[in-house]
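Structure first, commentary second.
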2 protein chains.
Amino acid sequence: MLLNFFKALAHESRLRLLGFVAEREHNVQELAARMALKEPTVSHHLGLLKEVGLVSMRQDGTTHWYMLEPKTLSRLAKSLLAPSQLAALKGIDDQPTNDEKIVRNYLTPDGRLKDFPASRKKRRVILVWLARQFDEGREYSETDVNTLIERRHHDRETFRRELVGYKMLARKGGVYRRLPEENWQP
Amino acid sequence: MLLNFFKALAHESRLRLLGFVAEREHNVQELAARMALKEPTVSHHLGLLKEVGLVSMRQDGTTHWYMLEPKTLSRLAKSLLAPSQLAALKGIDDQPTNDEKIVRNYLTPDGRLKDFPASRKKRRVILVWLARQFDEGREYSETDVNTLIERRHHDRETFRRELVGYKMLARKGGVYRRLPEENWQP
DNA sequence: TGCATATTTCGATAAGTATCTATCTTTACC
DNA sequence: GGTAAAGATAGATACTTATCGAAATATGCA
């Protein structure tokens with residue numbers, strides 16, 4: 001979602017972090033040193049940037065190497081140029097379907113799923129809700145997908161399988177991608 | 001500055017406001033009603049959006065009509081695509097000139113200018129500092145220029161004249177624009 | 001001049017989040 | 001298994017800013 005990108009970019013520390021990882025890969029210690037911040041703080045900011053896909057991470061032993069994902073930035077830039085995005089901004093949270101009630105019924109107060117509906121209709125509503133939490137056009141590793149699902153339900157396997165089954169997510173060459181809504185199975 | 005754009009865009013209310021003013025001109029009351037917020041709140045957000053040039057305002061009687069400035073948005077998008085911007089991000093606040101000391105000497109604790117230096121050298125340093133507070137590529141009305149100067153010193157006339165004199169700002173067809181630094185007179 | 005209306009500004013409160021220290025987790029190596 | 005190193009997470013505190021009601025400002029009109 002557009003808002004999350006701007007929130008991620010709206011802090012001087014994170015913009016500077018992006019500058020460093022645009023230059024070359026950095027690990028957390030290096031970044032903490034160059035920015036004169038403590039490691040947990042840097043880790044926190046990197047987490048937010050990673051969440052929206054602006055940086056990626058590869059692990060080598062206990063060291064985590066972060067680098068910029070320029071694709072994400074250029075996708076963001078292009079979406080700013082598309083006038084359709086703007087028109088949609090005003091309704092940023094009004095998809096006035098009454099599917100919302102169904103979803104709300106399955107959510108705990110902290111926004112996690114109580115369980116997985118038995119009826120096919122409701123099951124699809126839940127999966128739609130979940131699928132919309134993926135960004136279109138972004139690539140997700142299996143770990144990314146699991147992380148996102150686990151924010152809502154511990155059973156990542158079932159949900160991942162169902163999302164693919166309904167053609168909401170597709171796996172190709174080891175990466176997952178959200179499919180356009182018109183492809184989603186009924 | 002890039003950071004200010006992201007800060008302006010990093011709030012749901014302001015994104016929704018942009019959506020409305022992208023659709024058509026709106027006044028403050030209309031926006032307050034459509035967003036279910038009070039007028040002072042809307043006014044506050046519009047002020048921030050106006051500050052970075054994302055919206056413009058025209059006044060008709062006591063009514064203020066706000067509309068989107070799509071140019072600003074597309075300039076922002078383009079600057080995101082330019083790789084040079086990114087490299088610069090890490091040094092977001094290190095222009096390690098010792099002109100900074102001169103500037104600091106002329107500033108009150110709240111960041112306003114005590115007075116206007118007598119020596120030409122120092123005067124130029126102050127004007128450079130002031131000129132850099134304008135965005136390159138953006139158009140400023142005379143009122144915009146005055147507002148920006150008055151944040152630093154009440155004597156808007158003198159500073160405006162000097163900025164133009166040093167070719168840091170140029171006036172063309174009723175609008176002001178920041179000139180590239182290589183044009184600035186010594 | 002004085003009143004009415006639209007907006008902005010001010011001051012207080014509440015919500016959000018950046019940063020730190022301390023602790024927990026993961027990985028490598030003996 | 002035990003220990004060390006790198007990073008992540010949790011909890012506390014401080015800073016920033018969103019929001020509101022009340023007061024101030026600006027414009028138009030009798």
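By order in the structure tokens, chains are A, B, ...; within a chain, residues start at 1; ligands start at 1, following the order shown.
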
Residues near DT19 in chain C, cut-off 10 Å, only C-alpha atoms (C1' of nucleotides), skip fewer than 6 positions along chain, as a PDB file with C-alpha atoms (C1' of nucleotides), in the first residue's frame:
ATOM      1  CA  LEU A  37      23.210   4.832  16.053  1.00  0.00           C
ATOM      2  CA  LYS A  38      22.979   1.680  18.119  1.00  0.00           C
ATOM      3  CA  PRO A  40      18.924  -2.274  17.628  1.00  0.00           C
ATOM      4  CA  THR A  41      17.869   1.065  16.218  1.00  0.00           C
ATOM      5  CA  VAL A  42      19.353   0.274  12.832  1.00  0.00           C
ATOM      6  CA  HIS A  44      14.428  -1.587  13.640  1.00  0.00           C
TER       7      HIS A  44
ATOM      8  C1'  DT D  13      11.402   6.688  27.913  1.00  0.00           C
ATOM      9  C1'  DA D  14      11.468  10.753  25.146  1.00  0.00           C
ATOM     10  C1'  DC D  15      10.250  13.184  21.057  1.00  0.00           C
TER      11       DC D  15
END

Original post:
Could you pull the residues within 6 Å of range 157-170 of chain B, counting only C-alpha atoms (C1' of nucleotides), minus those fewer than 2 positions along the same chain, as a PyMOL selection string?
Top reply: chain B and resi 155+176-179+184-185

Could you save those same residues with N, CA and C atoms as a PDB file, in the first residue's frame?
ATOM      1  N   ASP B 155      12.228  41.012   7.468  1.00  0.00           N
ATOM      2  CA  ASP B 155      12.427  41.940   6.344  1.00  0.00           C
ATOM      3  C   ASP B 155      12.441  41.199   5.014  1.00  0.00           C
ATOM      4  N   TYR B 176       8.645  32.975  -9.147  1.00  0.00           N
ATOM      5  CA  TYR B 176      10.047  32.882  -8.783  1.00  0.00           C
ATOM      6  C   TYR B 176      10.486  31.432  -8.883  1.00  0.00           C
ATOM      7  N   ARG B 177      11.781  31.283  -9.085  1.00  0.00           N
ATOM      8  CA  ARG B 177      12.342  29.951  -9.241  1.00  0.00           C
ATOM      9  C   ARG B 177      13.772  29.975  -8.709  1.00  0.00           C
ATOM     10  N   ARG B 178      14.177  28.939  -8.072  1.00  0.00           N
ATOM     11  CA  ARG B 178      15.572  28.837  -7.621  1.00  0.00           C
ATOM     12  C   ARG B 178      16.460  28.507  -8.809  1.00  0.00           C
ATOM     13  N   LEU B 179      17.583  29.223  -8.933  1.00  0.00           N
ATOM     14  CA  LEU B 179      18.511  28.964 -10.037  1.00  0.00           C
ATOM     15  C   LEU B 179      19.555  27.930  -9.596  1.00  0.00           C
ATOM     16  N   TRP B 184      24.929  31.172  -9.216  1.00  0.00           N
ATOM     17  CA  TRP B 184      24.933  32.119  -8.104  1.00  0.00           C
ATOM     18  C   TRP B 184      26.164  33.015  -8.171  1.00  0.00           C
ATOM     19  N   GLN B 185      25.966  34.301  -8.017  1.00  0.00           N
ATOM     20  CA  GLN B 185      27.070  35.270  -8.102  1.00  0.00           C
ATOM     21  C   GLN B 185      27.968  35.178  -6.868  1.00  0.00           C
TER      22      GLN B 185
END

**OP:** For Ala77 in chain B, please output as a ChimeraX atom specification all residues within 12 Å (counting only C-alpha atoms (C1' of nucleotides); exclusion window: fewer than 6 positions along the same chain).
**Re:** /A:73-82 /B:2,5-6,70-71,85

Just to be explicit: take each residue in the selection above, keep N, CA and C atoms, and write the result as a compact mmCIF listing (two decimals), in the first residue's frame.
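Written file, result_6.txt:
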# COMPACT_ATOMS: atom_id res chain seq x y z
N LEU A 73 11.73 0.85 -5.71
CA LEU A 73 11.71 2.30 -5.77
C LEU A 73 11.16 2.78 -7.11
N SER A 74 11.56 2.10 -8.20
CA SER A 74 11.09 2.59 -9.49
C SER A 74 9.62 2.23 -9.69
N ARG A 75 9.19 1.12 -9.11
CA ARG A 75 7.75 0.83 -9.18
C ARG A 75 6.96 1.90 -8.45
N LEU A 76 7.48 2.31 -7.29
CA LEU A 76 6.82 3.37 -6.53
C LEU A 76 6.75 4.65 -7.36
N ALA A 77 7.87 5.00 -7.97
CA ALA A 77 7.91 6.24 -8.76
C ALA A 77 6.88 6.18 -9.88
N LYS A 78 6.81 5.04 -10.53
CA LYS A 78 5.86 4.93 -11.65
C LYS A 78 4.43 5.03 -11.16
N SER A 79 4.16 4.46 -10.02
CA SER A 79 2.78 4.49 -9.55
C SER A 79 2.38 5.91 -9.14
N LEU A 80 3.37 6.73 -8.81
CA LEU A 80 3.04 8.13 -8.52
C LEU A 80 2.65 8.87 -9.78
N LEU A 81 3.21 8.43 -10.91
CA LEU A 81 2.91 9.11 -12.17
C LEU A 81 1.56 8.69 -12.72
N ALA A 82 1.04 7.54 -12.28
CA ALA A 82 -0.23 7.07 -12.80
C ALA A 82 -1.38 7.82 -12.14
N LEU B 2 13.80 16.05 -0.19
CA LEU B 2 13.06 14.82 -0.39
C LEU B 2 12.34 14.37 0.88
N PHE B 5 8.93 15.83 1.51
CA PHE B 5 7.85 15.27 0.70
C PHE B 5 7.31 14.01 1.35
N PHE B 6 8.23 13.12 1.73
CA PHE B 6 7.77 11.86 2.31
C PHE B 6 7.03 12.09 3.61
N PRO B 70 -0.25 18.70 -9.76
CA PRO B 70 0.28 17.43 -10.26
C PRO B 70 1.75 17.52 -10.67
N LYS B 71 2.18 18.72 -11.07
CA LYS B 71 3.59 18.89 -11.47
C LYS B 71 4.53 18.49 -10.35
N GLN B 85 20.08 10.92 -6.90
CA GLN B 85 19.39 11.28 -5.67
C GLN B 85 19.72 10.29 -4.55

Original post:
For Phe20 in chain A, which of A:Ala8, A:Val103, A:Ala36, A:Leu68 is the closest residue, counting only C-alpha atoms?
Top reply: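 Checking each of A:Ala8, A:Val103, A:Ala36, A:Leu68 against Phe20 in chain A, counting only C-alpha atoms, the winner is A:Leu68.
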
Is it possible to get the superposed chain A, fitted on chain B over all Cα pairs by sequence order, as an mmCIF file with C-alpha atoms, in the first residue's frame?
data_model
loop_
_atom_site.group_PDB
_atom_site.id
_atom_site.type_symbol
_atom_site.label_atom_id
_atom_site.label_comp_id
_atom_site.auth_asym_id
_atom_site.auth_seq_id
_atom_site.Cartn_x
_atom_site.Cartn_y
_atom_site.Cartn_z
ATOM 1 C CA MET A 1 13.989 18.459 0.368
ATOM 2 C CA LEU A 2 13.025 14.861 -0.296
ATOM 3 C CA LEU A 3 12.426 14.081 3.355
ATOM 4 C CA ASN A 4 9.772 16.780 3.638
ATOM 5 C CA PHE A 5 7.823 15.298 0.752
ATOM 6 C CA PHE A 6 7.730 11.898 2.352
ATOM 7 C CA LYS A 7 6.731 13.335 5.687
ATOM 8 C CA ALA A 8 3.929 15.211 4.002
ATOM 9 C CA LEU A 9 2.739 12.052 2.285
ATOM 10 C CA ALA A 10 3.131 9.732 5.250
ATOM 11 C CA HIS A 11 -0.283 10.159 6.767
ATOM 12 C CA GLU A 12 -3.548 8.621 5.737
ATOM 13 C CA SER A 13 -5.527 11.850 6.156
ATOM 14 C CA ARG A 14 -3.192 13.719 3.859
ATOM 15 C CA LEU A 15 -3.206 11.025 1.189
ATOM 16 C CA ARG A 16 -6.973 11.064 1.243
ATOM 17 C CA LEU A 17 -6.962 14.857 1.013
ATOM 18 C CA LEU A 18 -4.784 14.592 -2.062
ATOM 19 C CA GLY A 19 -7.295 12.180 -3.529
ATOM 20 C CA PHE A 20 -10.114 14.672 -3.052
ATOM 21 C CA VAL A 21 -8.260 17.669 -4.417
ATOM 22 C CA ALA A 22 -7.069 15.581 -7.359
ATOM 23 C CA GLU A 23 -10.699 15.037 -8.276
ATOM 24 C CA ARG A 24 -11.562 18.747 -8.246
ATOM 25 C CA GLU A 25 -11.050 21.942 -6.239
ATOM 26 C CA HIS A 26 -12.372 21.739 -2.686
ATOM 27 C CA ASN A 27 -12.697 24.227 0.126
ATOM 28 C CA VAL A 28 -11.933 23.471 3.729
ATOM 29 C CA GLN A 29 -15.523 22.860 4.822
ATOM 30 C CA GLU A 30 -16.198 20.371 2.063
ATOM 31 C CA LEU A 31 -13.058 18.484 2.857
ATOM 32 C CA ALA A 32 -13.812 18.436 6.576
ATOM 33 C CA ALA A 33 -17.255 17.027 5.831
ATOM 34 C CA ARG A 34 -16.072 14.360 3.396
ATOM 35 C CA MET A 35 -13.291 13.251 5.696
ATOM 36 C CA ALA A 36 -15.243 13.401 8.938
ATOM 37 C CA LEU A 37 -12.631 15.631 10.523
ATOM 38 C CA LYS A 38 -12.887 19.075 12.050
ATOM 39 C CA GLU A 39 -11.899 22.094 10.014
ATOM 40 C CA PRO A 40 -8.779 23.004 11.986
ATOM 41 C CA THR A 41 -7.451 19.512 11.443
ATOM 42 C CA VAL A 42 -8.006 19.720 7.709
ATOM 43 C CA SER A 43 -6.482 23.175 7.666
ATOM 44 C CA HIS A 44 -3.423 21.812 9.440
ATOM 45 C CA HIS A 45 -2.949 19.025 6.889
ATOM 46 C CA LEU A 46 -3.521 21.328 3.942
ATOM 47 C CA GLY A 47 -0.877 23.620 5.356
ATOM 48 C CA LEU A 48 1.684 20.824 5.315
ATOM 49 C CA LEU A 49 0.757 19.802 1.786
ATOM 50 C CA LYS A 50 0.945 23.397 0.633
ATOM 51 C CA GLU A 51 4.321 23.849 2.307
ATOM 52 C CA VAL A 52 5.893 21.263 0.002
ATOM 53 C CA GLY A 53 3.915 22.436 -3.008
ATOM 54 C CA LEU A 54 1.704 19.375 -3.424
ATOM 55 C CA VAL A 55 -1.415 21.525 -3.339
ATOM 56 C CA SER A 56 -2.082 25.133 -4.261
ATOM 57 C CA MET A 57 -4.725 27.491 -2.969
ATOM 58 C CA ARG A 58 -6.750 30.292 -4.479
ATOM 59 C CA GLN A 59 -8.934 32.547 -2.406
ATOM 60 C CA ASP A 60 -12.421 33.723 -3.314
ATOM 61 C CA GLY A 61 -13.846 35.929 -0.626
ATOM 62 C CA THR A 62 -13.447 34.136 2.640
ATOM 63 C CA THR A 63 -13.384 30.768 0.928
ATOM 64 C CA HIS A 64 -10.104 29.028 0.215
ATOM 65 C CA TRP A 65 -10.091 26.632 -2.710
ATOM 66 C CA TYR A 66 -7.406 23.979 -2.695
ATOM 67 C CA MET A 67 -6.317 21.862 -5.617
ATOM 68 C CA LEU A 68 -3.628 19.346 -6.464
ATOM 69 C CA GLU A 69 -0.358 20.416 -8.061
ATOM 70 C CA PRO A 70 0.329 17.413 -10.261
ATOM 71 C CA LYS A 71 3.632 18.882 -11.439
ATOM 72 C CA THR A 72 5.085 18.604 -7.973
ATOM 73 C CA LEU A 73 4.116 14.975 -7.756
ATOM 74 C CA SER A 74 5.659 14.121 -11.102
ATOM 75 C CA ARG A 75 8.834 15.989 -10.231
ATOM 76 C CA LEU A 76 9.015 13.928 -7.061
ATOM 77 C CA ALA A 77 8.485 10.715 -9.008
ATOM 78 C CA LYS A 78 11.230 11.600 -11.448
ATOM 79 C CA SER A 79 13.679 12.444 -8.727
ATOM 80 C CA LEU A 80 13.105 9.005 -7.240
ATOM 81 C CA LEU A 81 14.143 7.470 -10.530
ATOM 82 C CA ALA A 82 17.381 9.466 -10.653
ATOM 83 C CA PRO A 83 20.152 7.382 -9.100
ATOM 84 C CA SER A 84 22.090 10.504 -8.153
ATOM 85 C CA GLN A 85 19.443 11.394 -5.592
ATOM 86 C CA LEU A 86 19.938 8.100 -3.857
ATOM 87 C CA ALA A 87 23.656 8.431 -3.541
ATOM 88 C CA ALA A 88 23.101 11.818 -1.983
ATOM 89 C CA LEU A 89 20.697 10.468 0.600
ATOM 90 C CA LYS A 90 23.321 9.185 2.963
ATOM 91 C CA GLY A 91 24.863 12.613 3.288
ATOM 92 C CA ILE A 92 21.488 14.130 3.831
ATOM 93 C CA ASP A 93 22.862 16.685 6.222
ATOM 94 C CA ASP A 94 26.579 16.709 5.749
ATOM 95 C CA GLN A 95 27.710 19.676 3.739
ATOM 96 C CA PRO A 96 30.764 19.958 5.946
ATOM 97 C CA THR A 97 31.553 23.528 5.012
ATOM 98 C CA ASN A 98 32.611 25.703 7.877
ATOM 99 C CA ASP A 99 30.257 28.302 6.561
ATOM 100 C CA GLU A 100 27.950 26.554 8.976
ATOM 101 C CA LYS A 101 29.685 28.288 11.835
ATOM 102 C CA ILE A 102 29.037 31.667 10.266
ATOM 103 C CA VAL A 103 25.387 30.818 9.842
ATOM 104 C CA ARG A 104 25.099 29.493 13.348
ATOM 105 C CA ASN A 105 26.520 32.753 14.649
ATOM 106 C CA TYR A 106 23.732 34.679 13.033
ATOM 107 C CA LEU A 107 20.948 32.431 14.258
ATOM 108 C CA THR A 108 18.859 32.727 17.399
ATOM 109 C CA PRO A 109 18.153 29.484 19.259
ATOM 110 C CA ASP A 110 14.872 29.119 17.393
ATOM 111 C CA GLY A 111 16.553 29.345 14.001
ATOM 112 C CA ARG A 112 15.796 32.925 13.020
ATOM 113 C CA LEU A 113 18.340 35.451 11.770
ATOM 114 C CA LYS A 114 19.506 38.025 14.286
ATOM 115 C CA ASP A 115 20.409 40.517 11.573
ATOM 116 C CA PHE A 116 21.927 40.871 8.139
ATOM 117 C CA PRO A 117 25.758 40.713 8.031
ATOM 118 C CA ALA A 118 27.629 43.802 6.934
ATOM 119 C CA SER A 119 30.553 42.047 5.249
ATOM 120 C CA ARG A 120 29.849 40.882 1.729
ATOM 121 C CA LYS A 121 31.409 37.481 2.354
ATOM 122 C CA LYS A 122 29.212 36.708 5.306
ATOM 123 C CA ARG A 123 26.203 38.186 3.616
ATOM 124 C CA ARG A 124 26.601 35.742 0.774
ATOM 125 C CA VAL A 125 26.964 32.810 3.157
ATOM 126 C CA ILE A 126 23.668 33.733 4.758
ATOM 127 C CA LEU A 127 21.974 34.113 1.402
ATOM 128 C CA VAL A 128 23.268 30.717 0.248
ATOM 129 C CA TRP A 129 21.871 29.179 3.389
ATOM 130 C CA LEU A 130 18.533 30.856 2.760
ATOM 131 C CA ALA A 131 18.430 30.049 -0.957
ATOM 132 C CA ARG A 132 18.973 26.368 -0.259
ATOM 133 C CA GLN A 133 15.704 26.330 1.588
ATOM 134 C CA PHE A 134 13.950 26.735 -1.751
ATOM 135 C CA ASP A 135 13.308 23.640 -3.829
ATOM 136 C CA GLU A 136 14.863 23.509 -7.260
ATOM 137 C CA GLY A 137 12.348 23.236 -10.057
ATOM 138 C CA ARG A 138 9.425 24.463 -8.028
ATOM 139 C CA GLU A 139 7.518 27.636 -8.798
ATOM 140 C CA TYR A 140 6.926 30.105 -5.974
ATOM 141 C CA SER A 141 4.496 32.983 -5.947
ATOM 142 C CA GLU A 142 5.734 36.208 -4.378
ATOM 143 C CA THR A 143 3.634 35.325 -1.332
ATOM 144 C CA ASP A 144 5.300 31.926 -1.109
ATOM 145 C CA VAL A 145 8.723 33.548 -1.232
ATOM 146 C CA ASN A 146 7.765 36.040 1.442
ATOM 147 C CA THR A 147 6.396 33.318 3.694
ATOM 148 C CA LEU A 148 9.580 31.319 3.401
ATOM 149 C CA ILE A 149 11.801 34.322 4.109
ATOM 150 C CA GLU A 150 9.696 35.481 7.021
ATOM 151 C CA ARG A 151 10.337 32.222 8.795
ATOM 152 C CA ARG A 152 13.904 33.507 9.107
ATOM 153 C CA HIS A 153 13.705 37.284 9.154
ATOM 154 C CA HIS A 154 10.968 39.889 9.158
ATOM 155 C CA ASP A 155 12.562 42.008 6.415
ATOM 156 C CA ARG A 156 11.266 40.027 3.458
ATOM 157 C CA GLU A 157 11.871 42.861 0.970
ATOM 158 C CA THR A 158 15.613 43.142 1.531
ATOM 159 C CA PHE A 159 16.217 39.411 1.432
ATOM 160 C CA ARG A 160 14.059 38.860 -1.636
ATOM 161 C CA ARG A 161 15.904 41.626 -3.467
ATOM 162 C CA GLU A 162 19.309 40.246 -2.466
ATOM 163 C CA LEU A 163 18.430 36.686 -3.459
ATOM 164 C CA VAL A 164 17.483 37.914 -6.908
ATOM 165 C CA GLY A 165 20.550 40.142 -7.071
ATOM 166 C CA TYR A 166 22.882 37.209 -6.439
ATOM 167 C CA LYS A 167 20.974 35.195 -9.077
ATOM 168 C CA MET A 168 19.941 32.621 -6.516
ATOM 169 C CA LEU A 169 16.293 33.270 -7.265
ATOM 170 C CA ALA A 170 14.911 34.503 -10.571
ATOM 171 C CA ARG A 171 11.572 36.115 -11.250
ATOM 172 C CA LYS A 172 9.934 35.359 -14.574
ATOM 173 C CA GLY A 173 6.314 35.965 -15.477
ATOM 174 C CA GLY A 174 5.235 36.664 -11.924
ATOM 175 C CA VAL A 175 6.714 33.488 -10.458
ATOM 176 C CA TYR A 176 9.987 32.932 -8.684
ATOM 177 C CA ARG A 177 12.253 29.977 -9.169
ATOM 178 C CA ARG A 178 15.495 28.839 -7.559
ATOM 179 C CA LEU A 179 18.402 28.921 -10.016
ATOM 180 C CA PRO A 180 21.090 26.217 -10.221
ATOM 181 C CA GLU A 181 23.962 26.859 -7.832
ATOM 182 C CA GLU A 182 26.440 27.367 -10.661
ATOM 183 C CA ASN A 183 24.574 30.524 -11.611
ATOM 184 C CA TRP A 184 24.857 32.056 -8.156
ATOM 185 C CA GLN A 185 27.017 35.189 -8.175
ATOM 186 C CA PRO A 186 30.157 35.305 -5.996
#

Subject >> chain D residues near chain B (10 Å cut-off, only C-alpha atoms (C1' of nucleotides)) as a PyMOL selection string >> reply: chain D and resi 18-21+26-28
